[in-house]
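Peer 1: First, the structure itself, so that you have it in front of you.
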Amino acid sequence: MTSVVESRFPEAGPVEVSQLLHQLRQPPPGGPLTVGDPRVVEFLIAFARRLLAPATARRYPELASLGFFLRRSEIDRALGRVVPQSGVLRFPRGLVFHVPPANVDTIFVYSWALSALAGNHNVVRISARSAGAADVVLAALQKAATDAHPAVAATQRLITYGREDEVTAAFSSSCDLRVIWGGDRAVSEIRRHPVAPHARDLTFPDRSSFAVLSVEGWQAADDAARQDAVIGFANDSYWFDQNACASPRAVYWVGPADGAQAVRDEFFSRLAQVVAERHFAVDTSMAVEKIVATYGLAINDVAATVQFDGNGVAVATLRHPALVPRRWLGAGTFPECRVESLSALVEVVTRKDQTLAAFGFTADELTRFVEQAGHRGIDRVVPFGSALSFDAIWDGYDLIPEFSRLTTVRTA
Amino acid sequence: MSDEADVFTLAHDARESALTEAMNELVSHHRAHCTPYDRLLSSLGHQHAETYERLDDVPWLPVRLFKNHVLKSIPDDDVFKILTSSGTTGEEVSRIFLDKDAAATQSRMLSRTLQTVLGPRRLPMLVVDTTSVIKDRRSFSARGAGVLGMLSFGRDHVYVLDAQGQPDVDAVRRFLAAHGDAPFLIFGFTFMVWVRLYEVARDQGLDLSNGILIHSGGWKKLTDRAVDNAEFRRLFARDTGLTRIHNFYGMVEQIGTVFLEGPSGDSLYAPDFADVIIRDPQTWDEAPVGTPGLIEVVSTLPRSYPGHALLTEDLGVVRGVDDGDWPGKRFAVLGRIPRAEARGCSDTFSEAAA
């Protein structure tokens, strides 16, 4: 095997795949990594500090979120979730191969960081097109590594390679766990390459997400709470062009018909204003995309009305709540519908639904809804503004346990 | 030139009022005969009795809708021909439905438009392409369809390229020997005309001075070679004697309507039954003269499908009104907008990789 990949972290230029795999199989300086290994923890905290530097955080707000996620307190919280049991020992799985999506600059960092925290050796394929935020991440990793224990650089690799199937095949057959992000097609494509018999896949395929807003909750909220909700919703929706799996697409107004219309109008008018003020860019191509998508909904009799508030906000009123389109319709395109109560949405939920962003409901109302709908789908319920906040439980997986394995010891 | 052929006569104001009236009738016609179109207009808040005072008030459809939806205003039994657009591999193609009347109308109006520059009689024709481009009718390319559509405007056709795509200089020489001292038609796509005809004619010293060149297909590839329209015309004239050159702009979604370059080569013009509206992509209002925007094409021809007012994905600019070779707006096409790309985790790795 003479395939070559480019090592982006540590920055080492072209490396032969067989050589890279050989290096990654060696125990690192200072001994094997453990779950919650202090050498890794200190490195991640130093890395997070660089992401939280004011200049970086201002320029790339998504990196600031990443930085928060990797603060010491958050790391302690993630590790604290795996409670030690007597007679049960937890170990890293070994070598984890990550295939993140090519066009979300930074999402790979979350699953890689949690896997590293679990003590795994990791090889992460990153896009050659990486730019902007991803380059900042690489630079921050590089700097953090100079002060870190050498075990980090010896066990963690971010690499770039082209379409060579044999490279994907080599890492697939050598890893103990493979993490695949991306569209359904991408997942299926990567899965053509077998993993070792003991290994398995953790997949994050296409998902869709929606928002629910309580008409009564909105009416009870004061101006500041309403504005906060709209700003949070705008961030959830526009940060990744409404194409992150957790970004809300459809919006359901939950409550009586009288009042719902006014709430809807106020919400979208505030949203259009926030979108304009925050310069969430909708360029000509994106505007055309949204026109094509929404007009298509009307042509197919899915939407009864289509309205644009500038190019920023497109709203398509669904003829029925279950007609919700789950595909991407362009940045800032909101299918919407009123329902009498949350329970009316139970039948709408499918396994594909990931995040429910909610405003104006009590914890009891939301829990009751999840109890009803849980057998169908939905992996997380969050308040407006938190849809994109990554969590150590994602897509229904508790990631630290997923990234580790257990050994039991019985003496009698 | 016969009166029949004269379709570049209407000044802006007269054209706008004639087209506005025709568009009002067409909107009602398509609403009555194309349920999906009617649904769309209703969803956008257009009343059935609505009268559009101005041409730019008439609702338009994004041209891409014809790729994703069946939009026709004739019963299935009356479908006589389905035209499909270009599109690279894997991309969806537009489907345009014509009945017998529509097919006849589009070819008649195309012919009247081109007769403005070709005259009433069929001319000997040089095709800057290969015969293979039209041979396999099942896997028809846009280029093939374009060539085929033009063949009826000429006679004694000679293809400039052989089956391997190489210039067949002998064939061209024989053509010129037989027909070169009276007007003849040259047709091809802009880039092919440049690399396959101009360069060969220049190097071989061919005399094209009696030719009338009709070409289409965009300037992007030529811009990379630092050749724009002015340079194209200047060098053809200097090196081959060819001065009668007419670029045109048109699309399968508005078949039969072509926007033709005037004799001086200053701009494109709409025939009397059509127009362009340049729209500001922020407000979607009509952009002032000189300000680029997206091109909307308006034509009275589409009756069998609701393609009478289409927003293209091409950028263009109106350079003047009633001040050029022919009456009406004179405009230029500036290029295509890219397809929207989104960040997001649903990205397909295989497409985005490397």
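Starting from 1 in every chain, residues are counted up; chains themselves are A, B, ... following the order of the structure tokens, and ligands are numbered from 1 as listed.
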Counting only C-alpha atoms, which residues of range 149-236 of chain B fall within 10 Å of range 255-261 of chain B, and what is the closest atom pair for each with its distance in Å at one decimal, ordered by chain and rising number, as JSON lines?

Peer 2:
```
{"residue": "B:Gly149", "atom": "CA", "partner": "B:Gly256", "partner_atom": "CA", "distance": 9.8}
{"residue": "B:Ile214", "atom": "CA", "partner": "B:Leu260", "partner_atom": "CA", "distance": 9.0}
{"residue": "B:His215", "atom": "CA", "partner": "B:Leu260", "partner_atom": "CA", "distance": 9.7}
{"residue": "B:Ser216", "atom": "CA", "partner": "B:Leu260", "partner_atom": "CA", "distance": 9.6}
```

Peer 1: Keeping only N, CA and C atoms, write the selected residues as a JSON list (two decimals), in the first residue's frame.

Peer 2:
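Result went into part.json, see below:
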```json
[["chain", "number", "residue", "atom", "x", "y", "z"],
["B", 149, "GLY", "N", -32.74, 22.51, -34.94],
["B", 149, "GLY", "CA", -33.73, 23.57, -35.10],
["B", 149, "GLY", "C", -33.33, 24.57, -36.17],
["B", 214, "ILE", "N", -24.90, 33.29, -37.47],
["B", 214, "ILE", "CA", -25.85, 33.28, -36.35],
["B", 214, "ILE", "C", -25.23, 32.40, -35.28],
["B", 215, "HIS", "N", -25.02, 32.95, -34.08],
["B", 215, "HIS", "CA", -24.37, 32.13, -33.05],
["B", 215, "HIS", "C", -24.95, 32.42, -31.68],
["B", 216, "SER", "N", -24.77, 31.47, -30.77],
["B", 216, "SER", "CA", -25.34, 31.58, -29.43],
["B", 216, "SER", "C", -24.53, 30.71, -28.49]]
```

Peer 1: Name the residues in contact with Ile245 in chain B at a cut-off of 9 Å, using only C-alpha atoms, excluding same-chain residues fewer than 6 positions from it; report them as a list in words.

Peer 2: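 Final neighbour list, sorted by chain and number: Gly211, Ile212, Leu213, Ile214, His215, Arg233, Glu261, Gly262, Pro263, Ser264 and Gly265 of chain B.
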
Peer 1: Which one of A:Gly310, A:Ala363, A:Phe233, A:Leu213 sits closest to Arg338 in chain A if you count only C-alpha atoms?

Peer 2: A:Leu213

Peer 1: Extract, using only C-alpha atoms, all DNA, RNA and protein residues at most 12 Å from Met192 in chain B, discarding same-chain residues fewer than 3 positions from it, and format them as a PyMOL selection string.

Peer 2: chain B and resi 127-130+143+160-161+165-167+186-189+195-200+215-219+221-222

Peer 1: Restricting the output to C-alpha atoms, write the selected residues as an mmCIF file, in the first residue's frame.

Peer 2:
```cif
data_model
loop_
_atom_site.group_PDB
_atom_site.id
_atom_site.type_symbol
_atom_site.label_atom_id
_atom_site.label_comp_id
_atom_site.auth_asym_id
_atom_site.auth_seq_id
_atom_site.Cartn_x
_atom_site.Cartn_y
_atom_site.Cartn_z
ATOM 1 C CA VAL B 127 -22.817 24.236 -39.667
ATOM 2 C CA VAL B 128 -19.985 24.735 -37.222
ATOM 3 C CA ASP B 129 -20.410 21.334 -35.627
ATOM 4 C CA THR B 130 -20.208 17.653 -36.480
ATOM 5 C CA ARG B 143 -26.350 21.484 -28.960
ATOM 6 C CA VAL B 160 -17.333 22.203 -40.627
ATOM 7 C CA LEU B 161 -16.162 19.374 -38.366
ATOM 8 C CA GLY B 165 -14.523 16.858 -34.260
ATOM 9 C CA GLN B 166 -11.606 18.058 -36.355
ATOM 10 C CA PRO B 167 -12.078 20.881 -38.875
ATOM 11 C CA ILE B 186 -23.133 30.062 -40.884
ATOM 12 C CA PHE B 187 -24.524 28.638 -37.656
ATOM 13 C CA GLY B 188 -22.801 27.434 -34.516
ATOM 14 C CA PHE B 189 -22.247 27.841 -30.818
ATOM 15 C CA VAL B 195 -12.019 27.827 -31.996
ATOM 16 C CA ARG B 196 -13.268 25.709 -34.901
ATOM 17 C CA LEU B 197 -14.100 28.272 -37.555
ATOM 18 C CA TYR B 198 -12.361 31.551 -36.860
ATOM 19 C CA GLU B 199 -8.945 30.124 -36.166
ATOM 20 C CA VAL B 200 -9.099 27.780 -39.159
ATOM 21 C CA HIS B 215 -24.369 32.134 -33.050
ATOM 22 C CA SER B 216 -25.335 31.576 -29.431
ATOM 23 C CA GLY B 217 -24.041 30.018 -26.271
ATOM 24 C CA GLY B 218 -22.419 32.496 -23.951
ATOM 25 C CA TRP B 219 -19.065 34.161 -23.621
ATOM 26 C CA LYS B 221 -15.190 30.237 -22.201
ATOM 27 C CA LEU B 222 -14.115 32.998 -24.554
#
```

Peer 1: Could you give me, as a Markdown table, every range 336-400 of chain A residue with an atom at most 10 Å from range 60-72 of chain A, plus its closest atom pair and distance in Å to one decimal, counting only C-alpha atoms, rows ordered by chain then number?

Peer 2:
```
| residue | atom | partner | partner_atom | distance |
| --- | --- | --- | --- | --- |
| A:Leu388 | CA | A:Glu62 | CA | 8.9 |
| A:Ser389 | CA | A:Ser65 | CA | 7.0 |
| A:Phe390 | CA | A:Phe69 | CA | 7.6 |
| A:Asp391 | CA | A:Phe69 | CA | 8.0 |
| A:Ala392 | CA | A:Phe69 | CA | 9.3 |
```

Peer 1: Could you take the residues named above and write them with C-alpha atoms, as a PDB file, in the first residue's frame?

Peer 2:
```pdb
ATOM      1  CA  LEU A 388     -27.073  24.342  17.291  1.00  0.00           C
ATOM      2  CA  SER A 389     -25.459  23.856  20.704  1.00  0.00           C
ATOM      3  CA  PHE A 390     -23.761  20.522  20.499  1.00  0.00           C
ATOM      4  CA  ASP A 391     -24.224  18.159  23.388  1.00  0.00           C
ATOM      5  CA  ALA A 392     -22.470  15.002  24.535  1.00  0.00           C
TER       6      ALA A 392
END
```

Peer 1: List every residue of range 113-362 of chain A that DSSP, applied to the backbone, labels as strand (DSSP E), and write the result as a PyMOL selection string.

Peer 2: chain A and resi 121-125+156-160+177-181+200-204+208-214+248-254+303-309+313-318+333-339+353-359

Peer 1: Please, which residues of chain A lie no more than 7 Å from chain B when the count uses only C-alpha atoms, and can they be set out as a short mmCIF file (atom, residue, chain, number, x, y, z; two decimals) with C-alpha atoms, in the first residue's frame?

Peer 2:
```cif
data_model
loop_
_atom_site.label_atom_id
_atom_site.label_comp_id
_atom_site.auth_asym_id
_atom_site.auth_seq_id
_atom_site.Cartn_x
_atom_site.Cartn_y
_atom_site.Cartn_z
CA PRO A 101 -19.24 16.41 6.35
CA ALA A 102 -17.14 18.41 3.95
CA ASN A 103 -19.00 21.67 4.21
CA VAL A 104 -19.59 22.23 7.88
CA SER A 127 -12.01 18.53 3.62
CA ALA A 128 -9.27 19.84 1.39
CA ARG A 129 -11.54 22.81 0.73
CA TYR A 161 -7.03 13.12 1.02
CA GLY A 162 -8.88 13.01 -2.29
CA ARG A 163 -11.41 10.51 -3.43
CA GLY A 182 -23.11 13.61 6.23
CA GLY A 183 -26.04 12.90 4.01
CA ARG A 185 -25.85 8.95 0.46
CA ALA A 186 -22.50 9.77 2.02
CA ASP A 206 -29.68 13.33 7.19
CA PHE A 240 -25.64 27.31 8.73
CA ASP A 241 -27.99 28.51 5.99
CA ASN A 243 -29.02 23.40 6.49
CA ALA A 244 -27.60 22.10 9.76
CA CYS A 245 -29.55 19.03 10.80
CA THR A 284 -29.22 36.24 -5.49
CA SER A 285 -28.61 32.53 -5.96
CA MET A 286 -30.08 31.75 -2.56
CA GLU A 289 -33.41 28.84 -4.65
CA VAL A 292 -38.10 27.87 -6.74
CA TYR A 295 -43.35 28.11 -5.57
CA GLY A 296 -42.88 24.36 -5.96
CA ALA A 298 -47.66 25.83 -3.96
CA ILE A 299 -47.65 24.05 -7.32
CA ASN A 300 -47.72 20.69 -5.53
CA ALA A 304 -51.75 27.32 0.50
CA THR A 305 -49.90 30.62 0.56
CA VAL A 306 -46.36 31.77 -0.11
CA GLN A 307 -45.06 35.06 1.24
CA ASN A 311 -35.27 37.86 0.27
#
```

Peer 1: So that I can check the secondary structure, give me every residue of range 154-319 of chain A assigned helix (DSSP H, G or I) by backbone DSSP, as a CSV table (one decimal) with N, CA and C atoms, in the first residue's frame.

Peer 2:
```
chain,number,residue,atom,x,y,z
A,154,ALA,N,1.0,12.4,19.1
A,154,ALA,CA,1.2,11.0,18.7
A,154,ALA,C,0.0,10.2,18.4
A,155,THR,N,-1.1,10.7,19.0
A,155,THR,CA,-2.4,9.8,18.9
A,155,THR,C,-3.5,10.5,18.1
A,165,ASP,N,-10.6,5.6,-2.8
A,165,ASP,CA,-11.3,4.6,-2.1
A,165,ASP,C,-10.4,3.8,-1.2
A,166,GLU,N,-9.2,3.5,-1.7
A,166,GLU,CA,-8.3,2.6,-1.0
A,166,GLU,C,-7.9,3.2,0.4
A,167,VAL,N,-7.8,4.5,0.5
A,167,VAL,CA,-7.5,5.2,1.7
A,167,VAL,C,-8.6,5.0,2.7
A,168,THR,N,-9.8,5.3,2.3
A,168,THR,CA,-11.0,5.1,3.1
A,168,THR,C,-11.1,3.6,3.5
A,169,ALA,N,-10.8,2.7,2.6
A,169,ALA,CA,-10.9,1.3,2.9
A,169,ALA,C,-9.8,0.9,4.0
A,170,ALA,N,-8.6,1.5,3.9
A,170,ALA,CA,-7.6,1.1,4.8
A,170,ALA,C,-7.9,1.6,6.2
A,171,PHE,N,-8.4,2.8,6.3
A,171,PHE,CA,-8.7,3.3,7.7
A,171,PHE,C,-10.0,2.6,8.2
A,172,SER,N,-10.9,2.2,7.3
A,172,SER,CA,-12.1,1.5,7.7
A,172,SER,C,-11.8,0.2,8.3
A,173,SER,N,-10.9,-0.6,7.6
A,173,SER,CA,-10.6,-1.9,8.1
A,173,SER,C,-9.7,-1.9,9.3
A,174,SER,N,-9.0,-0.8,9.6
A,174,SER,CA,-8.1,-0.8,10.7
A,174,SER,C,-8.7,-0.2,12.0
A,184,ASP,N,-27.4,10.9,3.8
A,184,ASP,CA,-27.7,9.5,3.7
A,184,ASP,C,-26.8,8.8,2.7
A,185,ARG,N,-26.6,9.5,1.5
A,185,ARG,CA,-25.8,8.9,0.5
A,185,ARG,C,-24.4,8.8,0.9
A,186,ALA,N,-23.9,9.8,1.6
A,186,ALA,CA,-22.5,9.8,2.0
A,186,ALA,C,-22.3,8.6,3.0
A,187,VAL,N,-23.3,8.4,3.9
A,187,VAL,CA,-23.1,7.3,4.9
A,187,VAL,C,-23.1,6.0,4.1
A,188,SER,N,-24.0,5.8,3.2
A,188,SER,CA,-24.1,4.6,2.4
A,188,SER,C,-22.8,4.3,1.6
A,189,GLU,N,-22.3,5.4,1.1
A,189,GLU,CA,-21.1,5.3,0.3
A,189,GLU,C,-19.9,4.8,1.1
A,190,ILE,N,-19.7,5.5,2.3
A,190,ILE,CA,-18.6,5.1,3.2
A,190,ILE,C,-18.8,3.7,3.7
A,191,ARG,N,-20.0,3.3,3.8
A,191,ARG,CA,-20.3,1.9,4.4
A,191,ARG,C,-20.0,0.8,3.4
A,215,VAL,N,-48.8,29.7,21.3
A,215,VAL,CA,-49.5,31.0,21.1
A,215,VAL,C,-49.7,31.7,22.5
A,216,GLU,N,-50.2,30.9,23.4
A,216,GLU,CA,-50.4,31.5,24.8
A,216,GLU,C,-49.1,31.9,25.4
A,217,GLY,N,-48.1,31.0,25.2
A,217,GLY,CA,-46.8,31.3,25.8
A,217,GLY,C,-46.2,32.6,25.2
A,218,TRP,N,-46.4,32.8,24.0
A,218,TRP,CA,-45.9,34.1,23.3
A,218,TRP,C,-46.7,35.3,23.8
A,219,GLN,N,-48.0,35.1,23.9
A,219,GLN,CA,-48.9,36.2,24.4
A,219,GLN,C,-48.5,36.6,25.8
A,220,ALA,N,-48.1,35.6,26.6
A,220,ALA,CA,-47.7,35.9,28.0
A,220,ALA,C,-46.3,36.5,28.1
A,223,ASP,N,-42.0,41.9,25.9
A,223,ASP,CA,-41.3,42.3,24.6
A,223,ASP,C,-39.9,41.7,24.6
A,224,ALA,N,-39.1,41.8,25.7
A,224,ALA,CA,-37.7,41.4,25.7
A,224,ALA,C,-37.6,39.9,25.4
A,225,ALA,N,-38.5,39.1,26.1
A,225,ALA,CA,-38.5,37.7,25.9
A,225,ALA,C,-38.9,37.3,24.5
A,226,ARG,N,-39.8,38.0,23.9
A,226,ARG,CA,-40.2,37.7,22.5
A,226,ARG,C,-39.0,38.0,21.6
A,227,GLN,N,-38.3,39.2,21.8
A,227,GLN,CA,-37.2,39.5,21.0
A,227,GLN,C,-36.1,38.5,21.1
A,228,ASP,N,-35.8,38.1,22.3
A,228,ASP,CA,-34.8,37.1,22.6
A,228,ASP,C,-35.1,35.8,21.8
A,229,ALA,N,-36.3,35.4,21.9
A,229,ALA,CA,-36.7,34.2,21.2
A,229,ALA,C,-36.5,34.3,19.7
A,230,VAL,N,-36.8,35.5,19.1
A,230,VAL,CA,-36.7,35.6,17.7
A,230,VAL,C,-35.2,35.6,17.3
A,231,ILE,N,-34.4,36.3,18.2
A,231,ILE,CA,-32.9,36.3,17.9
A,231,ILE,C,-32.4,34.9,17.9
A,232,GLY,N,-32.8,34.2,19.0
A,232,GLY,CA,-32.3,32.8,19.1
A,232,GLY,C,-32.7,32.0,17.9
A,233,PHE,N,-34.0,32.1,17.5
A,233,PHE,CA,-34.5,31.4,16.4
A,233,PHE,C,-33.7,31.7,15.1
A,234,ALA,N,-33.4,33.0,14.9
A,234,ALA,CA,-32.7,33.4,13.7
A,234,ALA,C,-31.3,32.8,13.7
A,235,ASN,N,-30.6,32.8,14.9
A,235,ASN,CA,-29.3,32.2,14.9
A,235,ASN,C,-29.4,30.7,14.6
A,236,ASP,N,-30.4,30.0,15.2
A,236,ASP,CA,-30.6,28.6,14.9
A,236,ASP,C,-30.8,28.3,13.4
A,237,SER,N,-31.5,29.2,12.8
A,237,SER,CA,-31.9,29.0,11.4
A,237,SER,C,-30.8,29.4,10.4
A,238,TYR,N,-30.2,30.6,10.6
A,238,TYR,CA,-29.4,31.2,9.6
A,238,TYR,C,-27.9,30.9,9.7
A,257,ALA,N,-57.0,29.2,17.2
A,257,ALA,CA,-56.9,29.9,15.9
A,257,ALA,C,-57.0,31.4,16.1
A,258,ASP,N,-57.9,31.9,17.0
A,258,ASP,CA,-57.9,33.3,17.2
A,258,ASP,C,-56.7,33.7,18.0
A,259,GLY,N,-55.9,34.6,17.5
A,259,GLY,CA,-54.6,34.9,18.2
A,259,GLY,C,-53.4,34.3,17.5
A,260,ALA,N,-53.5,33.1,17.0
A,260,ALA,CA,-52.4,32.5,16.3
A,260,ALA,C,-51.9,33.3,15.1
A,261,GLN,N,-52.8,33.9,14.4
A,261,GLN,CA,-52.4,34.6,13.2
A,261,GLN,C,-51.6,35.9,13.6
A,262,ALA,N,-52.1,36.6,14.6
A,262,ALA,CA,-51.4,37.8,15.1
A,262,ALA,C,-50.0,37.4,15.6
A,263,VAL,N,-49.9,36.3,16.3
A,263,VAL,CA,-48.6,35.8,16.8
A,263,VAL,C,-47.6,35.5,15.7
A,264,ARG,N,-48.2,34.8,14.7
A,264,ARG,CA,-47.4,34.5,13.5
A,264,ARG,C,-46.9,35.7,12.8
A,265,ASP,N,-47.8,36.7,12.6
A,265,ASP,CA,-47.4,37.9,11.9
A,265,ASP,C,-46.3,38.6,12.6
A,266,GLU,N,-46.5,38.7,13.9
A,266,GLU,CA,-45.5,39.5,14.7
A,266,GLU,C,-44.2,38.7,14.7
A,267,PHE,N,-44.2,37.4,14.8
A,267,PHE,CA,-43.0,36.7,14.9
A,267,PHE,C,-42.2,36.9,13.6
A,268,PHE,N,-42.9,36.7,12.4
A,268,PHE,CA,-42.1,36.8,11.2
A,268,PHE,C,-41.7,38.2,10.9
A,269,SER,N,-42.5,39.2,11.3
A,269,SER,CA,-42.0,40.6,11.1
A,269,SER,C,-40.8,40.9,12.0
A,270,ARG,N,-40.8,40.4,13.2
A,270,ARG,CA,-39.6,40.6,14.0
A,270,ARG,C,-38.4,39.8,13.4
A,271,LEU,N,-38.7,38.6,12.9
A,271,LEU,CA,-37.6,37.9,12.3
A,271,LEU,C,-37.0,38.6,11.1
A,272,ALA,N,-37.8,39.1,10.2
A,272,ALA,CA,-37.3,39.8,9.1
A,272,ALA,C,-36.4,41.0,9.5
A,273,GLN,N,-36.8,41.6,10.6
A,273,GLN,CA,-36.0,42.8,11.1
A,273,GLN,C,-34.7,42.3,11.6
A,274,VAL,N,-34.7,41.2,12.4
A,274,VAL,CA,-33.5,40.7,12.9
A,274,VAL,C,-32.5,40.2,11.8
A,275,VAL,N,-33.1,39.5,10.8
A,275,VAL,CA,-32.3,39.0,9.7
A,275,VAL,C,-31.6,40.2,9.0
A,276,ALA,N,-32.4,41.3,8.8
A,276,ALA,CA,-31.8,42.4,8.1
A,276,ALA,C,-30.7,43.1,9.0
A,277,GLU,N,-31.0,43.2,10.3
A,277,GLU,CA,-30.0,43.9,11.2
A,277,GLU,C,-28.8,43.1,11.3
A,284,THR,N,-28.3,36.4,-4.4
A,284,THR,CA,-29.2,36.2,-5.5
A,284,THR,C,-29.5,34.8,-5.7
A,285,SER,N,-28.4,34.0,-5.7
A,285,SER,CA,-28.6,32.5,-6.0
A,285,SER,C,-29.5,31.9,-4.9
A,286,MET,N,-29.3,32.3,-3.7
A,286,MET,CA,-30.1,31.8,-2.6
A,286,MET,C,-31.5,32.2,-2.7
A,287,ALA,N,-31.7,33.5,-3.1
A,287,ALA,CA,-33.1,34.0,-3.2
A,287,ALA,C,-33.8,33.2,-4.3
A,288,VAL,N,-33.1,32.9,-5.4
A,288,VAL,CA,-33.8,32.2,-6.5
A,288,VAL,C,-34.1,30.8,-6.0
A,289,GLU,N,-33.2,30.2,-5.2
A,289,GLU,CA,-33.4,28.8,-4.7
A,289,GLU,C,-34.7,28.8,-3.8
A,290,LYS,N,-34.9,29.9,-3.0
A,290,LYS,CA,-36.1,29.9,-2.1
A,290,LYS,C,-37.3,30.1,-2.9
A,291,ILE,N,-37.2,30.9,-4.0
A,291,ILE,CA,-38.4,31.1,-4.8
A,291,ILE,C,-38.8,29.8,-5.5
A,292,VAL,N,-37.8,29.1,-6.1
A,292,VAL,CA,-38.1,27.9,-6.7
A,292,VAL,C,-38.7,26.9,-5.8
A,293,ALA,N,-38.2,26.8,-4.5
A,293,ALA,CA,-38.6,25.8,-3.6
A,293,ALA,C,-40.0,26.1,-3.1
A,294,THR,N,-40.3,27.4,-2.8
A,294,THR,CA,-41.6,27.7,-2.2
A,294,THR,C,-42.7,27.7,-3.3
A,295,TYR,N,-42.4,28.2,-4.5
A,295,TYR,CA,-43.4,28.1,-5.6
A,295,TYR,C,-43.7,26.6,-5.9
A,296,GLY,N,-42.7,25.8,-5.7
A,296,GLY,CA,-42.9,24.4,-6.0
A,296,GLY,C,-43.9,23.8,-4.9
A,297,LEU,N,-43.8,24.3,-3.7
A,297,LEU,CA,-44.7,23.8,-2.7
A,297,LEU,C,-46.2,24.2,-3.0
A,298,ALA,N,-46.3,25.4,-3.6
A,298,ALA,CA,-47.7,25.8,-4.0
A,298,ALA,C,-48.2,25.0,-5.2
A,299,ILE,N,-47.3,24.8,-6.1
A,299,ILE,CA,-47.6,24.0,-7.3
A,299,ILE,C,-48.1,22.6,-6.9
```

Peer 1: For CA of Gly312 in chain A and CA of Pro100 in chain A, quote the distance in Å rounded to one decimal.

Peer 2: 28.9 Å

Peer 1: What gap, in Å, lies between CA of Ala171 in chain B and CA of Asn210 in chain B?

Peer 2: 17.2 Å

Peer 1: Within 12 Å of Arg319 in chain B, counting only C-alpha atoms, which residues qualify if same-chain residues fewer than 6 places away don't, as JSON, numbers by chain?

Peer 2: {"B": [266, 267, 268, 269, 276, 278, 287, 288, 289, 290, 291, 292, 328, 329, 330, 331, 332, 333, 334]}

Peer 1: Please produce a file of those selected residues containing C-alpha atoms, as an mmCIF file, in the first residue's frame.

Peer 2:
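After the write, out.cif holds the following:
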```cif
data_model
loop_
_atom_site.group_PDB
_atom_site.id
_atom_site.type_symbol
_atom_site.label_atom_id
_atom_site.label_comp_id
_atom_site.auth_asym_id
_atom_site.auth_seq_id
_atom_site.Cartn_x
_atom_site.Cartn_y
_atom_site.Cartn_z
ATOM 1 C CA ASP B 266 -24.169 46.749 -30.080
ATOM 2 C CA SER B 267 -26.814 44.736 -28.240
ATOM 3 C CA LEU B 268 -29.563 42.129 -28.259
ATOM 4 C CA TYR B 269 -33.144 43.044 -29.190
ATOM 5 C CA VAL B 276 -36.931 41.433 -21.426
ATOM 6 C CA ILE B 278 -34.170 43.239 -15.890
ATOM 7 C CA ALA B 287 -33.916 47.782 -12.645
ATOM 8 C CA PRO B 288 -33.140 51.113 -14.307
ATOM 9 C CA VAL B 289 -31.298 51.270 -17.621
ATOM 10 C CA GLY B 290 -27.651 50.501 -17.026
ATOM 11 C CA THR B 291 -28.176 48.569 -13.798
ATOM 12 C CA PRO B 292 -27.584 44.818 -14.037
ATOM 13 C CA GLY B 328 -37.280 48.733 -28.038
ATOM 14 C CA LYS B 329 -34.860 47.808 -25.297
ATOM 15 C CA ARG B 330 -31.346 46.868 -26.213
ATOM 16 C CA PHE B 331 -29.645 44.618 -23.719
ATOM 17 C CA ALA B 332 -26.713 42.332 -22.996
ATOM 18 C CA VAL B 333 -26.423 39.016 -21.188
ATOM 19 C CA LEU B 334 -23.699 39.132 -18.550
#
```

Peer 1: Any idea what's packed within 7 Å of Tyr252 in chain A, counting only C-alpha atoms, ignoring anything in its chain fewer than 2 positions away? Could you give it as JSON, numbers by chain?

Peer 2: {"A": [211, 212, 213, 250, 254, 336, 337, 338, 339]}

Peer 1: Which of these, A:Pro29, A:Ser7, A:Asp76, A:Phe210, has the shortest distance to Arg125 in chain A once you count only C-alpha atoms?

Peer 2: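 For Arg125 in chain A, the nearest of the candidates is A:Ser7.
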
Peer 1: Ranking B:Ser111, B:Ile277, B:His179, B:Glu296 by minimum distance to Val318 in chain B and counting only C-alpha atoms, which one comes first?

Peer 2: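 Between B:Ser111, B:Ile277, B:His179, B:Glu296, the residue approaching Val318 in chain B most closely is B:Ile277.
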
Peer 1: For the atom pair CA of Leu79 in chain A and CA of Glu371 in chain A, what is the interatomic distance in Å to one decimal place?

Peer 2: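 Computed distance, CA of Leu79 in chain A to CA of Glu371 in chain A, equals 27.3 Å.
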